[in-house]
Structure formats: structure tokens, C-alpha cells
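A quick write-up on the structure given underneath.
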Amino acid sequence: MARSTSVFVCSACAAETPRWMGQCPGCGEWNSLQEETRGKVPGRGATPARVAATKPLRLAEVQAQTYERLTTGIGELDRILGGGLVPGSLVLIGGSPGIGKSTLTSMALGNLEGAGRRTLYVSGEESAAQIRLRAERLPGAALQVPVLAETDLDTVLATLEAERPEVCVIDSVQTLHASDLSGAAGSVGQVREVADRITRLAKARGIAVLLVGHVTKEGALAGPRVLEHLVDCVLQFEGERERTYRTLRALKNRFGSTSEAGVFEMRQDGLVEVLDASARFVGEATRAPGSVVLAAMEGSRPLLIEVQALVSESDLEIPRRVVSGIDRNRLALVLAVLARHGGVGVGTSDVFVNVVGGVRVDEPGADLAVALAVASAARGIAFAGEDAPPLACFGELGLTGELRTVAHAERRIAEARKFGLQAIVTPEAGTLRAALRTLRREAARGPREIATV
Ligand SMILES: Nc1ncnc2c1ncn2[C@@H]1O[C@H](COP(=O)(O)OP(=O)(O)OP(=O)(O)O)[C@@H](O)[C@H]1O
Ligand SMILES: [Mg+2]
């Protein structure tokens with residue numbers, strides 16, 4: 001006998017309770033429990049069917065599998081995926097609205113279609129006419145990609161069965177709706193069900209699926225956490241809609257490394273890979289007070305990015321701390337160390353820090369760049385002369401003012417040298433105070449090249 005049951009699922013942590021509560025017992029969030037009906041649950045007393053046991057195999061007896069990768073024709077995307085799409089795998093691509101998720105996936109499908117692969121673009125967000133409009137401005141065979149504008153999960157699965165594409169895009173997982181489940185499309189239960197059923201079909205039929213996902217206000221992937229466990233690969237599209245540069249990075253990858261990231265530029269004809277990102281950022285870097293170049297690592301690739309700071313007198317009781325491209329708490333830490341161990345206090349001033357180009361840096365190696373940019377801005381003195389190359393730096397700041405080594409120091413230095421940056425401050429300076437002192441000494445040696453702080 002089958003019957004339906006009701007459960008209450010937390011929209012924050014996906015914990016389940018049999019009855020409604022004001023506060024989630026799992027994560028403590030208030031008013032986050034939503035009712036869901038579960039259909040076809042075997043009733044009590046139903047006898048389980050007899051199931052034959054399976055003999056487990058020793059790993060050495062398991063046939064090793066080599067994955068044939070499908071090249072998307074977008075070099076950066078292929079590299080981040082670990083060499084291309086794996087048949088039967090699920091890739092979740094998250095990113096804020098308008099960042100370019102549909103553009104990237106349309107381009108990938110267009111290239112695959114052009115290479116003779118069977119593709120399908122399923123959109124629950126846009127009409128076929130809207131998708132065509134986008135495809136018109138994209139290169140390659142984007143206009144040849146078969147499209148299905150549909151939100152009903154059963155119809156989508158039936159179409160996938162009938163069409164048997166090799167690669168499919170679902171844009172987005174939040175818009176599909178399973179009719180046998182209550183709850184609006186995009187609710188925790190719906191997203192989980194949609195992802196689960198697509199996964200099963202994709203694995204059974206060897207379809208590589210690119211699943212587009214929404215992000216929350218805080219920038220995390222929307223939907224239940226279980227979604228991230230379910231898929232093989234999670235890619236995050238970062239950057240700001242209004243800026244040209246966007247970064248794509250892997251947060252999880254069952255078929256490759258998660259340290260890879262790629263930089264893209266949004267243009268009229270779609271997203272273009274930026275392979276010479278360092279050259280562009282250094283070329284655009286100002287030599288004004290408050291500017292330094294950070295020798296960062298984007299995955300396994302070094303990248304030179306300009307970090308700018310502005311320190312100005314505040315008219316507020318609690319001065320502003322505004323950041324773009326770095327973590328706000330990290331700025332608080334850097335300012336505290338700078339005041340306590342660097343002799344540069346900005347307690348009563350507004351501080352703005354910006355990583356130029358809309359790039360986001362999440363590594364601790366950015367600390368020193370932020371500290372030097374703020375110190376330079378606070379004193380109103382530039383680190384580099386008008387005609388000299390900008391100052392490069394990297395290093396993590398410890399709470400006692402020491403500089404800590406970060407990974408790939410040689411590659412960061414090599415990248416800086418490659419672009420003609422001679423003055424480089426590294427963790428070898430020892431402490432923040434010593435780094436500031438070195439800059440002062442360098443200034444004495446080559447006036448106008450590097451000024452004192
Ligand atoms: N003609 C154009 N020239 C340059 N850029 C464009 C043009 N048309 C659209 N764009 C850019 O493409 C972006 C939209 O891309 P896309 O639709 O792929 O984003 P998305 O991440 O799928 O958004 P959503 O979450 O709303 O689905 C716009 O924000 C805009 O920056
Ligand atoms: Mg879209």
C-alpha cells in the first residue's frame with residue numbers, strides 16, 4: 001500500500017522534521033521550515049520485496065575507466081573542468097543574475113554542436129525567442145542548438161529520453177517543477193527532486209549535464225546543500241555584472257583539480273577568454289598613491305592584479321570600510337595589524353579597497369597588497385614613479401605583524417618579472433614593519449622609484 005506523508009524541510013539546511021516548528025532543530029534558523037508532501041511512500045506493514053545480495057568486488061578487480069572528455073571549445077572552461085566534460089557527469093554552474101551563465105553554456109553547446117555532438121538546451125527561464133536573440137550574437141553554431149523552453153520536469157526527462165543528447169544544459173535547476181511534489185519551483189524539495197531525477201537519467205544514458213543554478217544574496221549557491229553533493233562538479237561564476245572581467249572557478253570537481261580558475265571578458269559577441277590577464281591589469285595599473293600590484297595565484301596560474309585603496313577623513317561616528325573583490329573581515333584584520341605593527345593607523349578614516357577589474361581574490365596572499373595599498377593611500381605617497389613599473393607584492397599577514405609564506409612564491413615572482421616589475425615585496429621581508437622599512441630604504445637608493453611610507 002502506498003500513501004502520502006507530509007514533512008517539513010528547512011530551506012537553510014535541508015533538515016527534516018515530521019511537524020512544523022518555528023525554529024529549525026538542525027540549524028537554529030527561524031521560520032525556515034516548509035511543508036512538503038512525499039508521495040508513494042510504502043505504508044507501515046508493507047513487506048519489503050526480496051532482494052538478492054550482490055558480491056562486492058576488490059578494487060583491483062574493478063575495470064579501470066578512462067573518461068572520454070567532450071571538448072567545449074572554450075579553453076578556460078575545459079581546463080577548469082579538468083580537460084573537458086565527462087559523459088554522464090553533472091556540472092553545476094552558479095553565479096549572480098546577469099553574470100553570463102546562459103551565455104557561457106550557450107557558447108559551449110554551440111561549439112559542441114558545431115563539432116558534431118548532439119546537444120539540447122533546456123530553458124525554464126527564457127522563451128525560445130529570447131534564447132535565439134542571445135545565440136545571434138554568439139559565434140559558432142549557437143543557432144543550430146536544439147532548444148526546449150519548458151518548466152515541467154517530466155516533459156524535460158521524456159524529451160531527454162527521446163532525443164538522447166550527448167550534452168544538455170538545464171537553465172536553471174530552480175525553474176523546473178516536479179508535478180508530483182507540492183511546493184513551488186525552486187523550493188528545497190523541488191530542487192532536490194529535480195536534480196536527483198536528472199542525475200539518474202544522466203548517469204543511465206551517459207548525458208553530460210550542465211546545470212545552471214542561482215545564488216543567494218550572500219553569493220552562495222541557492223538550494224539545498226545536498227545539491228552540491230549530488231553533482232560531480234561545482235563551478236562558480238564570479239565578478240560584477242557591470243564590470244567587464246568575470247572569473248570562473250571550480251569549487252568541487254570529481255574529475256579534476258579544484259584549484260583552477262579562468263578569467264573571461266563579456267563582449268558583444270559573448271564571453272571571451274582573457275589569456276593575457278596579467279598584461280592587461282599591469283598595463284592599466286596606475287602609479288598613484290594607494291595602488292600596488294598583487295602577484296596572486298588563480299588556481300595553478302599566477303595573475304598580476306592591481307589593488308587600490310582610498311583613505312579619507314570620515315564624517316561618520318563609525319567610519320566606513322568598503323571592499324570590492326576581497327573579504328571585509330580580512331580588511332578589518334589587515335587594518336588592525338597595520339595599526340598595531342606597521343605604525344599606520346586609520347581608525348577614524350573611511351577606508352575603501354578595490355581589486356581592479358571586478359576580480360575577486362580569496363587567498364591570504366593578498367593581505368600584504370591590501371596593507372601596502374592602505375599605507376600608501378594613508379600617507380598619500382606613491383610606491384612607484386610615473387614612468388617606473390608598479391610595485392608588486394604578495395604575502396599573508398600574521399596577527400603579530402609577521403609575514404607568512406604563501407604557496408608558489410617562485411611562480412609569482414617569475415610572473416612579476418615577466419611583466420617588467422622589478423620591485424617586489426615578498427614574505428622574505430620578515431615582518432610588515434620590515435617591509436615598510438625596505439620600501440623606505442629602496443626609495444633612498446633610487447629616488448622617485450619607490451617613495452617612503
Ligand atoms: N549586446 C551585448 N553586448 C555585450 N554584453 C551583453 C550584450 N547583451 C547582453 N550582454 C551581457 O550579458 C549579460 C547577460 O548574460 P546571461 O544572460 O548569460 O546572464 P545569466 O547569468 O544567464 O543571467 P540570469 O541569471 O539572469 O539568467 C548581461 O548582464 C550583459 O552584461
Ligand atoms: Mg540566464
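Identifiers for the C-alpha cells are assigned positionally: chains receive A, B, ... in sequence, residues are indexed from 1 per chain, and ligands are indexed from 1 in the order shown.
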Exercise: Ala288 (chain A) partners within 10 Å, only C-alpha atoms, chain neighbours under 4 positions left out, as a PyMOL selection string = chain A and resi 292+308+376-377+380-386+390
Dump as a tab-separated table (two decimals), in the first residue's frame, selection limited to C-alpha atoms:
chain	number	residue	atom	x	y	z
A	292	VAL	CA	50.01	48.26	-5.69
A	308	GLN	CA	43.69	50.08	-4.89
A	376	SER	CA	50.36	54.25	0.62
A	377	ALA	CA	46.90	55.82	0.49
A	380	GLY	CA	49.40	59.96	0.16
A	381	ILE	CA	52.68	58.70	-1.27
A	382	ALA	CA	53.04	56.56	-4.37
A	383	PHE	CA	55.25	53.47	-4.37
A	384	ALA	CA	56.26	53.88	-7.99
A	385	GLY	CA	57.35	56.85	-10.06
A	386	GLU	CA	55.26	57.92	-13.04
A	390	PRO	CA	54.37	49.45	-10.35
Within 10 Å of ligand 1, counting only C-alpha atoms and all ligand atoms, which protein or nucleic acid residues do you find, written as a short mmCIF file (atom, residue, chain, number, x, y, z; two decimals) with C-alpha atoms, in the first residue's frame?
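The new file out-v8.cif reads:
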data_model
loop_
_atom_site.label_atom_id
_atom_site.label_comp_id
_atom_site.auth_asym_id
_atom_site.auth_seq_id
_atom_site.Cartn_x
_atom_site.Cartn_y
_atom_site.Cartn_z
CA ILE A 93 27.30 26.41 -12.66
CA GLY A 94 26.34 29.08 -10.15
CA GLY A 95 26.56 32.84 -10.40
CA SER A 96 24.67 36.04 -9.71
CA PRO A 97 22.00 37.30 -12.14
CA GLY A 98 23.32 38.61 -15.44
CA ILE A 99 26.87 37.37 -14.87
CA GLY A 100 26.79 35.29 -18.07
CA LYS A 101 25.77 31.74 -17.12
CA SER A 102 23.39 31.38 -20.06
CA THR A 103 25.94 32.96 -22.41
CA LEU A 104 28.72 30.58 -21.34
CA THR A 105 26.56 27.47 -21.55
CA SER A 106 25.05 28.54 -24.91
CA MET A 107 28.55 29.07 -26.27
CA SER A 123 15.41 26.71 -20.56
CA GLY A 124 12.81 27.33 -17.91
CA GLU A 125 13.76 30.97 -17.60
CA GLU A 126 13.59 32.34 -21.11
CA GLN A 130 14.87 35.14 -26.18
CA ILE A 131 17.43 32.34 -26.39
CA LEU A 133 18.34 36.55 -29.63
CA ARG A 134 21.32 35.69 -27.45
CA GLU A 136 22.53 35.52 -32.67
CA ARG A 137 25.33 37.46 -31.10
CA LEU A 138 27.39 34.37 -30.27
CA ASP A 171 18.86 26.64 -17.33
CA SER A 172 18.08 26.65 -14.49
CA VAL A 212 22.69 26.31 -14.12
CA GLY A 213 21.99 27.36 -10.53
CA HIS A 214 21.03 30.59 -8.83
CA VAL A 215 22.98 32.13 -5.97
CA PHE A 237 30.98 32.40 -11.88
CA GLU A 240 30.23 42.06 -11.07
CA ARG A 241 27.67 42.40 -13.79
CA GLU A 242 28.70 45.97 -14.53
CA ARG A 243 32.38 45.10 -14.89
CA THR A 244 33.98 43.51 -17.89
CA GLU A 265 35.60 39.23 -20.57
CA MET A 266 31.97 39.94 -21.54
CA ARG A 267 31.81 41.35 -25.05
CA GLN A 268 29.16 41.95 -27.66
CA ASP A 269 29.89 38.54 -29.20
CA GLY A 270 29.83 36.66 -25.90
CA LEU A 271 32.38 35.70 -23.29
#
Could you give me the residues within region 72-142 of chain A that DSSP places in strand (DSSP E or B), as a list in words?
->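 Restricting region 72-142 of chain A to strand (DSSP E or B) produces Leu85, Leu90, Val91, Leu92, Ile93, Gly94, Gly95, Thr119, Leu120, Tyr121, Val122 and Ser123 of chain A.
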As a ChimeraX atom specification, list the residues of region 144-362 of chain A assigned to helix (DSSP H, G or I) by DSSP on the backbone atoms of this structure.
-> /A:144,153-163,188-205,225-230,277-284,328-341,356-358
Residue with smallest distance to ligand 2 - pool A:Ser291, A:Asn329, A:Ser127, A:Thr159, counting only C-alpha atoms and all ligand atoms =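 Ranked by minimum distance to ligand 2, first place goes to A:Ser127.
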Using only C-alpha atoms, determine which residues lie at most 10 Å from Gly398 (chain A), disregarding the query and same-chain residues fewer than 4 positions distant; provide the list as a PyMOL selection string.
-> chain A and resi 333-334+337+364+367+402-404+431-432
Which is closest to ligand 2 among A:Asp327, A:Asp350, A:Gln174, A:Ala435, if we use only C-alpha atoms and all ligand atoms?
->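 For ligand 2, the nearest of the given residues is A:Gln174.
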Pick from A:Ile170, A:Ala184, A:Gly82, A:Lys418: nearest to Lys252 (chain A), with only C-alpha atoms counted?
-> A:Gly82
Neighbour list for Pro165 (chain A) as a list of chain:residue names, cut-off 8 Å, only C-alpha atoms, skip fewer than 3 positions in-chain | A:Arg117, A:Arg118, A:Thr119, A:Leu120, A:Leu160, A:Cys168, A:Ile207
Polymer residues at most 12 Å from Glu161 (chain A), only C-alpha atoms, same-chain spacing of 6 or more positions, as a list in words = Leu120, Asp154, Thr155, Cys168, Ile198, Arg200, Leu201, Ala202, Ala204, Arg205, Gly206 and Ile207 of chain A
Within 7 Å of Glu35 (chain A), counting only C-alpha atoms, which residues qualify if same-chain residues fewer than 4 places away don't, as a PDB file with all heavy atoms, in the first residue's frame?
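File written: part-v5.pdb
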ATOM      1  N   SER A   6       3.498  14.039   4.956  1.00  0.00           N
ATOM      2  CA  SER A   6       3.957  15.427   4.944  1.00  0.00           C
ATOM      3  C   SER A   6       5.195  15.536   5.811  1.00  0.00           C
ATOM      4  O   SER A   6       5.236  14.980   6.909  1.00  0.00           O
ATOM      5  CB  SER A   6       2.875  16.331   5.527  1.00  0.00           C
ATOM      6  OG  SER A   6       2.107  16.852   4.484  1.00  0.00           O
ATOM      7  N   VAL A   7       6.177  16.213   5.328  1.00  0.00           N
ATOM      8  CA  VAL A   7       7.344  16.504   6.154  1.00  0.00           C
ATOM      9  C   VAL A   7       7.622  17.997   6.043  1.00  0.00           C
ATOM     10  O   VAL A   7       7.156  18.656   5.118  1.00  0.00           O
ATOM     11  CB  VAL A   7       8.615  15.721   5.728  1.00  0.00           C
ATOM     12  CG1 VAL A   7       8.503  14.281   6.050  1.00  0.00           C
ATOM     13  CG2 VAL A   7       8.931  15.950   4.280  1.00  0.00           C
ATOM     14  N   PHE A   8       8.392  18.509   6.991  1.00  0.00           N
ATOM     15  CA  PHE A   8       8.762  19.927   6.955  1.00  0.00           C
ATOM     16  C   PHE A   8      10.272  20.006   6.761  1.00  0.00           C
ATOM     17  O   PHE A   8      11.028  19.415   7.523  1.00  0.00           O
ATOM     18  CB  PHE A   8       8.303  20.618   8.240  1.00  0.00           C
ATOM     19  CG  PHE A   8       6.806  20.664   8.333  1.00  0.00           C
ATOM     20  CD1 PHE A   8       6.091  19.607   8.860  1.00  0.00           C
ATOM     21  CD2 PHE A   8       6.115  21.758   7.834  1.00  0.00           C
ATOM     22  CE1 PHE A   8       4.716  19.622   8.915  1.00  0.00           C
ATOM     23  CE2 PHE A   8       4.727  21.790   7.876  1.00  0.00           C
ATOM     24  CZ  PHE A   8       4.020  20.723   8.420  1.00  0.00           C
ATOM     25  N   VAL A   9      10.654  20.698   5.707  1.00  0.00           N
ATOM     26  CA  VAL A   9      12.064  20.750   5.326  1.00  0.00           C
ATOM     27  C   VAL A   9      12.588  22.164   5.518  1.00  0.00           C
ATOM     28  O   VAL A   9      11.941  23.141   5.134  1.00  0.00           O
ATOM     29  CB  VAL A   9      12.259  20.328   3.848  1.00  0.00           C
ATOM     30  CG1 VAL A   9      13.732  20.327   3.477  1.00  0.00           C
ATOM     31  CG2 VAL A   9      11.662  18.951   3.612  1.00  0.00           C
TER      32      VAL A   9
END
Could you give me, as a PDB file with N, CA and C atoms, in the first residue's frame, the residues within 7 Å of Tyr245 (chain A), counting only C-alpha atoms and dropping anything in the same chain fewer than 5 positions from it?
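Wrote it out as around.pdb, contents follow:
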ATOM      1  N   GLY A 239      32.319  37.867 -10.112  1.00  0.00           N
ATOM      2  CA  GLY A 239      32.590  39.158 -10.723  1.00  0.00           C
ATOM      3  C   GLY A 239      31.349  40.009 -10.606  1.00  0.00           C
ATOM      4  N   VAL A 263      39.761  33.567 -16.386  1.00  0.00           N
ATOM      5  CA  VAL A 263      39.220  34.936 -16.464  1.00  0.00           C
ATOM      6  C   VAL A 263      38.552  35.117 -17.831  1.00  0.00           C
ATOM      7  N   PHE A 264      37.359  35.686 -17.823  1.00  0.00           N
ATOM      8  CA  PHE A 264      36.619  35.943 -19.054  1.00  0.00           C
ATOM      9  C   PHE A 264      36.277  37.424 -19.144  1.00  0.00           C
ATOM     10  N   GLU A 265      36.045  37.857 -20.368  1.00  0.00           N
ATOM     11  CA  GLU A 265      35.603  39.234 -20.573  1.00  0.00           C
ATOM     12  C   GLU A 265      34.271  39.169 -21.323  1.00  0.00           C
ATOM     13  N   MET A 266      33.264  39.943 -20.856  1.00  0.00           N
ATOM     14  CA  MET A 266      31.967  39.937 -21.541  1.00  0.00           C
ATOM     15  C   MET A 266      32.019  40.943 -22.676  1.00  0.00           C
ATOM     16  N   GLY A 357      39.051  45.637 -11.880  1.00  0.00           N
ATOM     17  CA  GLY A 357      38.607  44.758 -12.962  1.00  0.00           C
ATOM     18  C   GLY A 357      37.509  43.799 -12.548  1.00  0.00           C
ATOM     19  N   GLY A 358      37.013  43.908 -11.311  1.00  0.00           N
ATOM     20  CA  GLY A 358      35.938  43.023 -10.876  1.00  0.00           C
ATOM     21  C   GLY A 358      36.423  41.642 -10.501  1.00  0.00           C
ATOM     22  N   VAL A 359      37.759  41.483 -10.344  1.00  0.00           N
ATOM     23  CA  VAL A 359      38.301  40.170  -9.969  1.00  0.00           C
ATOM     24  C   VAL A 359      38.125  39.994  -8.461  1.00  0.00           C
TER      25      VAL A 359
END
State, in Å with one decimal place, the distance from CA of Ala285 (chain A) to CA of Val356 (chain A).
-> 8.5 Å
Compare A:Val344, A:Ala261, A:Val122, A:Ala277 by their minimum atom-to-atom distance to ligand 2, counting only C-alpha atoms and all ligand atoms, and give me the closest one.
->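 The closest residue to ligand 2 is A:Val122.
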Straight-line distance linking CA of Phe281 (chain A) with CA of Leu251 (chain A), stated in Å to one decimal = 24.7 Å
Judged by only C-alpha atoms, the minimum distance to Ser187 (chain A) among A:Leu33, A:Asn253, A:Gln144, A:Ala60 is found for A:Leu33
Closest to ligand 2 among A:Ala295, A:Val173, A:Leu85, A:Ala375, using only C-alpha atoms and all ligand atoms?
->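 The answer is A:Val173, which sits nearest to ligand 2.
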